[in-house]
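**Student:** Below: one structure in structure tokens.
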Amino acid sequence: MSLQVTLKILRSRPHQEQRYDTFDVTVPDAANVLDAIEQAWAHHDRDLMFRHACHHASCGTCAVRINGREKLPCIAPVKDYDGGEIKIEPLRNFPIVGDLVVDVAPFFQNQEASDFIITRPTENELDGKAIAHTQGLDPESAPTVPFNRFENCVECGICLSACPTMSADYKFFGPAGLAAIKRQLDKTTDANEREKLLHLADDEHGVWRCHSAWECTEACPQSVFPAESIMALRKEINAQRFKKFFRL
Amino acid sequence: MNLYRPELKRFRFLRWFDFRSWRLGMLAYILNRVTAIGLVVYLYLHLAVLFLLAQGPSGWDPFIQIARTPWFLMLDVILLAGLLIHGLNGLRVALTGFGYGVRSQKPLFIALMIFAAIVLAVGVFKMFMG
Ligand code: SF4
């Protein structure tokens with residue numbers, strides 16, 4: 001069985017007006033939206049810019065908005081869209097490089113700020129700077145309360161696109177970045193390190209900028225629960241302030 | 001290489017009211033903004049109305065006549081609804097913002113809004129029948 005589908009894709013190039021192009025493509029019944037985008041590229045327009053790698057939701061590279069909602073098109077079945085037109089746009093709150101490709105540099109800079117970088121063991125530098133490797137969780141120092149493994153995060157940027165606060169304040173550290181800080185905080189008992197991490201989150205563009213729309217948690221395809229991490233960070237910051245104030 | 005056009009950037013706050021997702025958290029977020037703007041407008045209207053007091057009975061009494069009409073009472077209903085939604089939802093935001101009830105933010109919102117509806121119904125009854 002195959003499906004006929006019409007893709008309506010937002011096209012952008014620097015210094016050109018944005019426009020929507022439509023592509024009629026035929027895909028197998030079990031196809032995902034990414035397969036349909038590839039069909040459009042292969043059979044209609046080789047200029048179409050989109051990004052992907054793994055095809056199975058573990059790289060987070062292909063994230064776009066499908067019919068207005070942030071999704072990983074590699075795991076979004078075409079048949080869920082009922083044979084109708086599928087509107088595909090790039091993520092919001094990122095500079096657009098072209099068509100469906102956005103510049104994710106600001107996102108990764110924030111991840112890096114909390115020293116949360118996953119690298120291959122052979123990589124000792126990033127952008128020419130020496131880096132320390134993210135250590136695995138030490139079971140000895142792990143807190144007794146359960147927490148989500150932040151490694152679930154595929155760094156897709158969907159939470160930043162879904163966040164309404166991000167739309168109003170581009171300096172906002174963002175859900176994934178704040179969740180990364182929380183993850184690092186859970187990992188360490190070192191007082192200095194904890195102080196540094198809480199200081200990073202305790203900023204007008206940090207945890208306090210979040211206005212509790214919970215869209216990041218709802219949109220996240222990997223159940224990282226970034227909003228919950230933001231609230232947990234606030235709790236820790238308040239506890240720290242309380243202790244300082246009463247000199248406990 | 002930012003392709004966002006400046007005029008779009010200026011209006012990006014409109015995304016605060018983007019309820020395409022129809023999720024409860026976002027609905028609560030929008031409601032809080034709309035009611036907050038409404039309450040600020042009300043505050044200024046209230047000050048303007050209080051100014052009538054300075055004019056003595058000749059300014060105040062005709063206003064009281066208008067204030068007792070059903071149409072005006074409808075505005076009171078909207079005001080009460082705004083106060084209840086903003087106040088109770090604000091309580092939820094404050095609680096979760098301090099790390100309490102985080103995992104139950106949705107049931108908390110539903111429960112508080114049911115409570116708001118009950119208080120509003122009682123308020124409406126008192127206003128029109130009392
Ligand atoms: S927290 Fe979730 S939505 Fe945000 S980047 Fe990570 S996987 Fe994507």
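Going by the structure tokens order, chains are called A, B, ..., each with residues numbered from 1, while ligands are numbered from 1 in the order shown.
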Can you tell me, as a short mmCIF file (atom, residue, chain, number, x, y, z; two decimals) with N, CA and C atoms, in the first residue's frame, what residues are no more than 12 Å from Leu79 of chain B when counting only C-alpha atoms, ignoring any on the same chain fewer than 5 positions away?

**Tutor:**
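See selection.cif below for the written result:
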data_model
loop_
_atom_site.label_atom_id
_atom_site.label_comp_id
_atom_site.auth_asym_id
_atom_site.auth_seq_id
_atom_site.Cartn_x
_atom_site.Cartn_y
_atom_site.Cartn_z
N VAL B 34 -4.10 37.13 29.71
CA VAL B 34 -5.31 37.87 29.33
C VAL B 34 -5.95 38.50 30.57
N THR B 35 -6.08 37.72 31.66
CA THR B 35 -6.72 38.25 32.87
C THR B 35 -5.85 39.34 33.49
N ALA B 36 -4.53 39.18 33.41
CA ALA B 36 -3.63 40.21 33.98
C ALA B 36 -3.83 41.54 33.25
N ILE B 37 -3.90 41.49 31.93
CA ILE B 37 -4.10 42.72 31.15
C ILE B 37 -5.47 43.32 31.51
N GLY B 38 -6.49 42.46 31.59
CA GLY B 38 -7.84 42.90 31.95
C GLY B 38 -7.86 43.58 33.31
N LEU B 39 -7.16 42.99 34.28
CA LEU B 39 -7.16 43.55 35.64
C LEU B 39 -6.43 44.89 35.70
N VAL B 40 -5.38 45.03 34.90
CA VAL B 40 -4.66 46.32 34.88
C VAL B 40 -5.57 47.40 34.28
N VAL B 41 -6.27 47.05 33.19
CA VAL B 41 -7.20 48.00 32.57
C VAL B 41 -8.28 48.38 33.58
N TYR B 42 -8.80 47.36 34.30
CA TYR B 42 -9.84 47.61 35.30
C TYR B 42 -9.35 48.59 36.37
N LEU B 43 -8.10 48.41 36.80
CA LEU B 43 -7.55 49.26 37.86
C LEU B 43 -7.62 50.74 37.46
N LEU B 45 -9.62 52.03 35.13
CA LEU B 45 -11.04 52.40 35.03
C LEU B 45 -11.59 52.71 36.42
N HIS B 46 -11.18 51.89 37.37
CA HIS B 46 -11.64 52.05 38.76
C HIS B 46 -11.21 53.42 39.29
N PHE B 72 -24.22 46.45 33.25
CA PHE B 72 -23.05 46.82 34.05
C PHE B 72 -22.66 45.68 34.99
N LEU B 73 -23.71 44.99 35.51
CA LEU B 73 -23.42 43.86 36.40
C LEU B 73 -22.66 42.75 35.65
N MET B 74 -22.94 42.65 34.34
CA MET B 74 -22.20 41.67 33.52
C MET B 74 -20.70 41.95 33.55
N LEU B 84 -10.74 35.61 39.90
CA LEU B 84 -10.65 34.22 40.37
C LEU B 84 -9.64 33.43 39.55
N ILE B 85 -9.71 33.57 38.23
CA ILE B 85 -8.79 32.81 37.36
C ILE B 85 -7.36 33.23 37.64
N HIS B 86 -7.13 34.55 37.65
CA HIS B 86 -5.76 35.03 37.82
C HIS B 86 -5.21 34.69 39.21
N GLY B 87 -6.05 34.91 40.21
CA GLY B 87 -5.60 34.66 41.59
C GLY B 87 -5.30 33.20 41.84
N LEU B 120 -17.69 31.67 41.24
CA LEU B 120 -18.28 32.60 40.27
C LEU B 120 -19.79 32.42 40.21
N GLY B 123 -21.28 33.99 43.16
CA GLY B 123 -21.17 35.43 42.99
C GLY B 123 -22.24 35.97 42.06
N VAL B 124 -22.44 35.28 40.93
CA VAL B 124 -23.45 35.71 39.94
C VAL B 124 -24.83 35.67 40.58
#

**Student:** What are the nearest atom pairs, with distances in Å to one decimal, for all residues of chain A that come at most 7 Å from ligand 1, using only C-alpha atoms and all ligand atoms, set out by chain and rising residue number as CSV?

**Tutor:**
residue,atom,partner,partner_atom_place_in_ligand_line,distance
A:Gly60,CA,ligand 1,8 (Fe),6.7
A:Asn152,CA,ligand 1,7 (S),6.5
A:Cys153,CA,ligand 1,6 (Fe),3.7
A:Val154,CA,ligand 1,7 (S),4.4
A:Glu155,CA,ligand 1,5 (S),3.7
A:Cys156,CA,ligand 1,8 (Fe),4.1
A:Gly157,CA,ligand 1,5 (S),4.1
A:Ile158,CA,ligand 1,3 (S),4.3
A:Cys159,CA,ligand 1,3 (S),4.0
A:Leu160,CA,ligand 1,4 (Fe),6.7
A:Pro175,CA,ligand 1,4 (Fe),6.4
A:Ala176,CA,ligand 1,1 (S),4.4
A:Ala179,CA,ligand 1,1 (S),6.9
A:Cys216,CA,ligand 1,3 (S),6.3
A:Ala219,CA,ligand 1,3 (S),6.3
A:Cys220,CA,ligand 1,3 (S),3.6
A:Pro221,CA,ligand 1,2 (Fe),5.8
A:Gln222,CA,ligand 1,7 (S),5.0
A:Ser223,CA,ligand 1,2 (Fe),6.5
A:Val224,CA,ligand 1,1 (S),5.2
A:Phe225,CA,ligand 1,1 (S),6.8
A:Pro226,CA,ligand 1,1 (S),5.6

**Student:** Given a cut-off of 8 Å, which residues of chain A touch chain B, counting only C-alpha atoms, written out as a list of chain:residue names?

**Tutor:**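 Residues of chain A within 8 Å of chain B, counting only C-alpha atoms: A:Ser12, A:Arg13, A:Pro14, A:His15, A:Gly68, A:Arg69, A:Pro95, A:Ile96, A:Val97, A:Pro164, A:Thr165, A:Ser167, A:Ala168, A:His211, A:Ser212, A:Ala213, A:Trp214, A:Glu215, A:Glu218, A:Glu228, A:Met231, A:Ala232, A:Arg234, A:Lys235, A:Asn238.
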
**Student:** So how many Å separate atom CA of Ile86 of chain A and atom CA of Arg51 of chain A, to one decimal?

**Tutor:**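 Those two atoms sit 17.8 Å apart.
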
**Student:** With only C-alpha atoms as the counted atoms, please give the residues lying no more than 9 Å from Phe23 of chain A, apart from itself and same-chain residues fewer than 5 positions off, as a list in words.

**Tutor:**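 The contact residues come out as Val5, Thr6, Leu7, Lys8, Ile9, Ile37, Ala40, His44 and Asp45 of chain A.
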
**Student:** Output as a PyMOL selection string all residues of chain B that backbone DSSP marks as alpha helix (DSSP H).

**Tutor:** chain B and resi 6-10+24-51+57-67+70-97+105-129

**Student:** Calculate how many Å separate atom CA of Ser2 of chain A from atom CA of Cys74 of chain A, rounding to one decimal.

**Tutor:**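 Value for the atom CA of Ser2 of chain A-atom CA of Cys74 of chain A distance: 17.5 Å.
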